[in-house]
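Reviewing the structure listed below.
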Amino acid sequence: MGLARHVRLIREEDTTDATTTQPAGSAPVPGGDDETPLLRLRGVSKHFGPVRALTDVDLDIPAGQVTALAGDNGAGKSVLIKCISGIHPPDAGRMWWNGEQVHVRTPGEAAARGIETVYQDLALCDNLDVVQNMFLGRERVRFGQLDQESMEHAARETLSSLAVTTVRSVRQVVASLSGGQRQSVAIAKAVLWNSRLVIMDEPTAALGVAQTAMVLDLVRRLADRGHAVLLVSHNLNDVFAVADRIAVLHLGRMVAARPTADLDRQIVVDLMTTGASTRTVQAPGTAG
Ligand SMILES: Nc1ncnc2c1ncn2[C@@H]1O[C@H](COP(=O)(O)OP(=O)(O)OP(=O)(O)O)[C@@H](O)[C@H]1O
Ligand SMILES: [Mg+2]
């Protein structure tokens with residue numbers, strides 16, 4: 001069954017009580033007989049006064065895949081990730097985590113479920129070193145003292161498990177790292193805390209070519225290790241290089257969410273700018 005039709009069927013079943021709030025776990029998962037995505041959103045809406053930032057948004061985020069979230073400035077990408085990560089609880093809509101209906105009301109609740117968000121600028125503290133950043137607010141204590149040895153060991157192990165080899169010392173202050181290394185540390189932090197969904201807002205925006213390649217490589221590795229990744233990006237080169245699925249927001253509405261193979265750049269540009277596209281994907285070699 002095509003995704004669009006599948007979503008439509010769910011919407012039809014769901015419309016009667018899409019905005020009611022129910023206790024966690026009490027509602028059946030829509031389409032639960034299919035492969036259950038790690039995170040499923042249905043009918044998510046959010047407004048700020050008169051501004052309708054999100055209207056009736058549906059999205060499935062499967063484990064082991066990179067889902068790219070594209071959209072023009074102001075389309076609602078950041079608001080959507082803030083709804084998922086507990087910063088802006090949505091006005092309406094429902095969310096299922098691993099098949100169970102949940103309400104994520106605070107960033108702490110999101111973290112406790114394994115949702116970690118890497119914000120572009122706020123990800124790390126410049127004046128702290130790599131270990132301090134990775135354990136910030138969640139330090140290991142032993143006999144009333146910080147357990148530096150165990151934290152250093154865990155930080156090193158996590159970086160090496162992700163094949164991040166360019167960070168020379170985990171006692172380096174983050175201010176001394178390159179942009180790509182910082183993103184790598186922020187991503188490693190998410191892995192260290194067993195995040196099952198890693199959300200990244202424009203992780204390559206400030207990076208050069210080589211560092212972008214390094215971060216995209218890491219994003220791919222995360223998904224290959226079974227994490228779900230939601231990658232917010234304006235950069236269609238990045239999106240097409242790494243995403244398994246692409247979701248496009250236009251003026252707060254989800255206008256497409258399809259496998260990357262069913263889209264090309266021009267279709268995504270059409271969807272981002274007008275909310276629709278009449279094009280079909282060109283077979284390789286026939287694109288003009
Ligand atoms: N805290 C807020 N208060 C009022 N309006 C907001 C708030 N946050 C976002 N908005 C509005 O919601 C809409 C969506 O904003 P959002 O930041 O999600 O866009 P975006 O897709 O992330 O854009 P960009 O690509 O520029 O980052 C915009 O019209 C924005 O002005
Ligand atoms: Mg944004």
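Ordering of the structure tokens sets the chain letters (A, B, ...), residue numbers begin anew at 1 in every chain, and ligands are numbered from 1 in the order given.
Once Asn235 of chain A and its same-chain neighbours fewer than 3 positions away are set aside, Ala70, Glu202, Thr204, Ala205, Asp238, Val239 and Phe240 of chain A remain within 9 Å of it when counting only C-alpha atoms.
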Generate a file of the selected residues that holds C-alpha atoms, formatted as a tab-separated table (two decimals), in the first residue's frame.
chain	number	residue	atom	x	y	z
A	70	ALA	CA	12.82	19.77	4.41
A	202	GLU	CA	20.86	21.88	10.19
A	204	THR	CA	26.09	20.99	8.37
A	205	ALA	CA	24.97	24.62	7.94
A	238	ASP	CA	22.91	16.63	2.07
A	239	VAL	CA	19.34	15.39	1.99
A	240	PHE	CA	19.81	13.32	-1.16
Could you give me, as JSON lines, every chain A residue with an atom at most 9 Å from ligand 2, plus its closest atom pair and distance in Å to one decimal, counting only C-alpha atoms and all ligand atoms, rows ordered by chain then number?
{"residue": "A:Asn73", "atom": "CA", "partner": "ligand 2", "partner_atom_place_in_ligand_line": "1 (Mg)", "distance": 6.9}
{"residue": "A:Gly74", "atom": "CA", "partner": "ligand 2", "partner_atom_place_in_ligand_line": "1 (Mg)", "distance": 6.9}
{"residue": "A:Ala75", "atom": "CA", "partner": "ligand 2", "partner_atom_place_in_ligand_line": "1 (Mg)", "distance": 8.1}
{"residue": "A:Gly76", "atom": "CA", "partner": "ligand 2", "partner_atom_place_in_ligand_line": "1 (Mg)", "distance": 7.0}
{"residue": "A:Lys77", "atom": "CA", "partner": "ligand 2", "partner_atom_place_in_ligand_line": "1 (Mg)", "distance": 5.5}
{"residue": "A:Ser78", "atom": "CA", "partner": "ligand 2", "partner_atom_place_in_ligand_line": "1 (Mg)", "distance": 4.1}
{"residue": "A:Val79", "atom": "CA", "partner": "ligand 2", "partner_atom_place_in_ligand_line": "1 (Mg)", "distance": 7.3}
{"residue": "A:Asp201", "atom": "CA", "partner": "ligand 2", "partner_atom_place_in_ligand_line": "1 (Mg)", "distance": 7.2}
{"residue": "A:Glu202", "atom": "CA", "partner": "ligand 2", "partner_atom_place_in_ligand_line": "1 (Mg)", "distance": 8.1}
{"residue": "A:Val232", "atom": "CA", "partner": "ligand 2", "partner_atom_place_in_ligand_line": "1 (Mg)", "distance": 8.1}
{"residue": "A:Ser233", "atom": "CA", "partner": "ligand 2", "partner_atom_place_in_ligand_line": "1 (Mg)", "distance": 8.9}
Per DSSP on the backbone, filter segment 111-267 of chain A down to the residues in alpha helix (DSSP H) and report them as an MDAnalysis selection string. chainID A and resid 111:113 130:134 148:161 179:192 209:224 236:242 265:267
As a ChimeraX atom specification, please: the residues near Ala163 of chain A (cut-off 10 Å, only C-alpha atoms, same-chain neighbours under 5 positions excluded). /A:157-158,184,218,221
From the set A:Ala190, A:Cys83, A:Met214, A:Leu124, which residue has the shortest atom-to-atom contact distance to Thr166 of chain A, counting only C-alpha atoms? A:Met214
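What separates atom CA of Ile115 of chain A from atom CA of Ser85 of chain A is a distance of 6.6 Å.
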Residues within 10 Å of Arg182 of chain A, please, as number ranges by chain. Count only C-alpha atoms; anything in the same chain fewer than 2 positions from it doesn't count. A: 120, 123-124, 126, 130, 167, 174-180, 184-188, 203, 215
Selected residues written out with C-alpha atoms, as a short mmCIF file (atom, residue, chain, number, x, y, z; two decimals), in the first residue's frame:
data_model
loop_
_atom_site.label_atom_id
_atom_site.label_comp_id
_atom_site.auth_asym_id
_atom_site.auth_seq_id
_atom_site.Cartn_x
_atom_site.Cartn_y
_atom_site.Cartn_z
CA GLN A 120 22.94 23.75 15.78
CA ALA A 123 24.56 21.81 21.30
CA LEU A 124 27.74 22.25 23.37
CA ASP A 126 32.51 26.16 24.44
CA VAL A 130 34.58 17.04 25.54
CA VAL A 167 39.32 14.45 18.20
CA VAL A 174 35.18 22.33 22.79
CA ALA A 175 36.14 25.87 21.71
CA SER A 176 39.30 24.38 20.22
CA LEU A 177 37.43 21.88 18.01
CA SER A 178 36.49 22.39 14.37
CA GLY A 179 32.81 22.71 13.45
CA GLY A 180 32.68 19.14 12.17
CA SER A 184 30.60 14.75 15.99
CA VAL A 185 30.87 15.26 19.75
CA ALA A 186 27.22 16.39 19.94
CA ILE A 187 26.14 13.28 18.02
CA ALA A 188 28.37 11.04 20.17
CA PRO A 203 23.98 20.01 11.38
CA VAL A 215 29.17 14.62 9.60
#
At most 10 Å is the cut-off: for each residue in segment 61-155 of chain A with any atom that close to an atom of segment 34-52 of chain A, write down the nearest atom pair and the distance in Å rounded to one decimal, counting only C-alpha atoms, chain first then increasing number, as CSV.
residue,atom,partner,partner_atom,distance
A:Ile61,CA,A:Leu39,CA,5.1
A:Pro62,CA,A:Pro37,CA,4.3
A:Ala63,CA,A:Leu38,CA,5.6
A:Gly64,CA,A:Leu38,CA,9.4
A:Gly76,CA,A:Arg52,CA,9.2
A:Val79,CA,A:Lys46,CA,8.1
A:Leu80,CA,A:Lys46,CA,8.5
A:Cys83,CA,A:Lys46,CA,8.4
A:Ile84,CA,A:Leu41,CA,8.9
A:His88,CA,A:Lys46,CA,8.3
A:Pro89,CA,A:Lys46,CA,8.1
A:Pro90,CA,A:Lys46,CA,5.2
A:Asp91,CA,A:Lys46,CA,5.2
A:Ala92,CA,A:Ser45,CA,5.2
A:Gly93,CA,A:Val44,CA,4.0
A:Arg94,CA,A:Arg42,CA,5.3
A:Met95,CA,A:Leu41,CA,4.6
A:Trp96,CA,A:Arg40,CA,5.0
A:Trp97,CA,A:Leu39,CA,4.8
A:Asn98,CA,A:Leu38,CA,4.6
A:Gly99,CA,A:Thr36,CA,6.3
A:Glu100,CA,A:Leu39,CA,9.3
A:Gln101,CA,A:Arg40,CA,9.1
A:Val102,CA,A:Leu39,CA,10.0
A:Ile115,CA,A:Leu39,CA,9.9
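Using only C-alpha atoms and all ligand atoms, the nearest neighbour of ligand 1 within the list A:Leu222, A:Val281, A:Ile81, A:Val191 is A:Ile81.
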Could you check which of A:Leu231, A:Ala53, A:Ala213, A:Ala155 is closest to ligand 1, using only C-alpha atoms and all ligand atoms? A:Ala53
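Atom pair atom CA of Ala257 of chain A / atom CA of Gly71 of chain A: separated by 11.8 Å.
Using only C-alpha atoms and all ligand atoms, the shortest contact distance between ligand 1 and any of A:Arg279, A:Arg168, A:Arg220, A:Arg253 is found at A:Arg253.
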Residues within 9 Å of Asp264 of chain A, only C-alpha atoms, excluding chain neighbours under 2 positions, as an MDAnalysis selection string: chainID A and resid 240 260:262 266:269 280:282
With C-alpha atoms retained, export the selected residues as a PDB file, in the first residue's frame.
ATOM      1  CA  PHE A 240      19.812  13.321  -1.158  1.00  0.00           C
ATOM      2  CA  THR A 260      14.077   9.270  -1.395  1.00  0.00           C
ATOM      3  CA  ALA A 261      13.981   7.065  -4.504  1.00  0.00           C
ATOM      4  CA  ASP A 262      10.473   8.372  -5.289  1.00  0.00           C
ATOM      5  CA  GLN A 266      13.189  19.385  -8.647  1.00  0.00           C
ATOM      6  CA  ILE A 267      10.177  17.680  -7.084  1.00  0.00           C
ATOM      7  CA  VAL A 268      11.423  18.564  -3.598  1.00  0.00           C
ATOM      8  CA  VAL A 269      12.006  22.191  -4.652  1.00  0.00           C
ATOM      9  CA  THR A 280       7.484  12.348 -11.719  1.00  0.00           C
ATOM     10  CA  VAL A 281      10.938  10.998 -11.021  1.00  0.00           C
ATOM     11  CA  GLN A 282      13.101  10.727 -14.132  1.00  0.00           C
TER      12      GLN A 282
END
Give the strand (DSSP E or B) residues of segment 44-146 of chain A, as assigned by DSSP on the backbone, as a ChimeraX atom specification. /A:44-48,51-61,66-71,92-97,100-102,115-118,129,141-142,145-146
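Shortest separation to ligand 1 among A:Met151, A:Ala241, A:Ala206, A:Ile87 occurs at residue A:Ile87, atoms counted being only C-alpha atoms and all ligand atoms.
The coordinates place atom CA of Glu109 of chain A at 26.7 Å from atom CA of Gly144 of chain A.
Distance annotation: of A:Pro259, A:Gly137, A:Gly86, A:Gly208, the residue with the minimal separation from Ala111 of chain A is A:Gly86; atom set is only C-alpha atoms.
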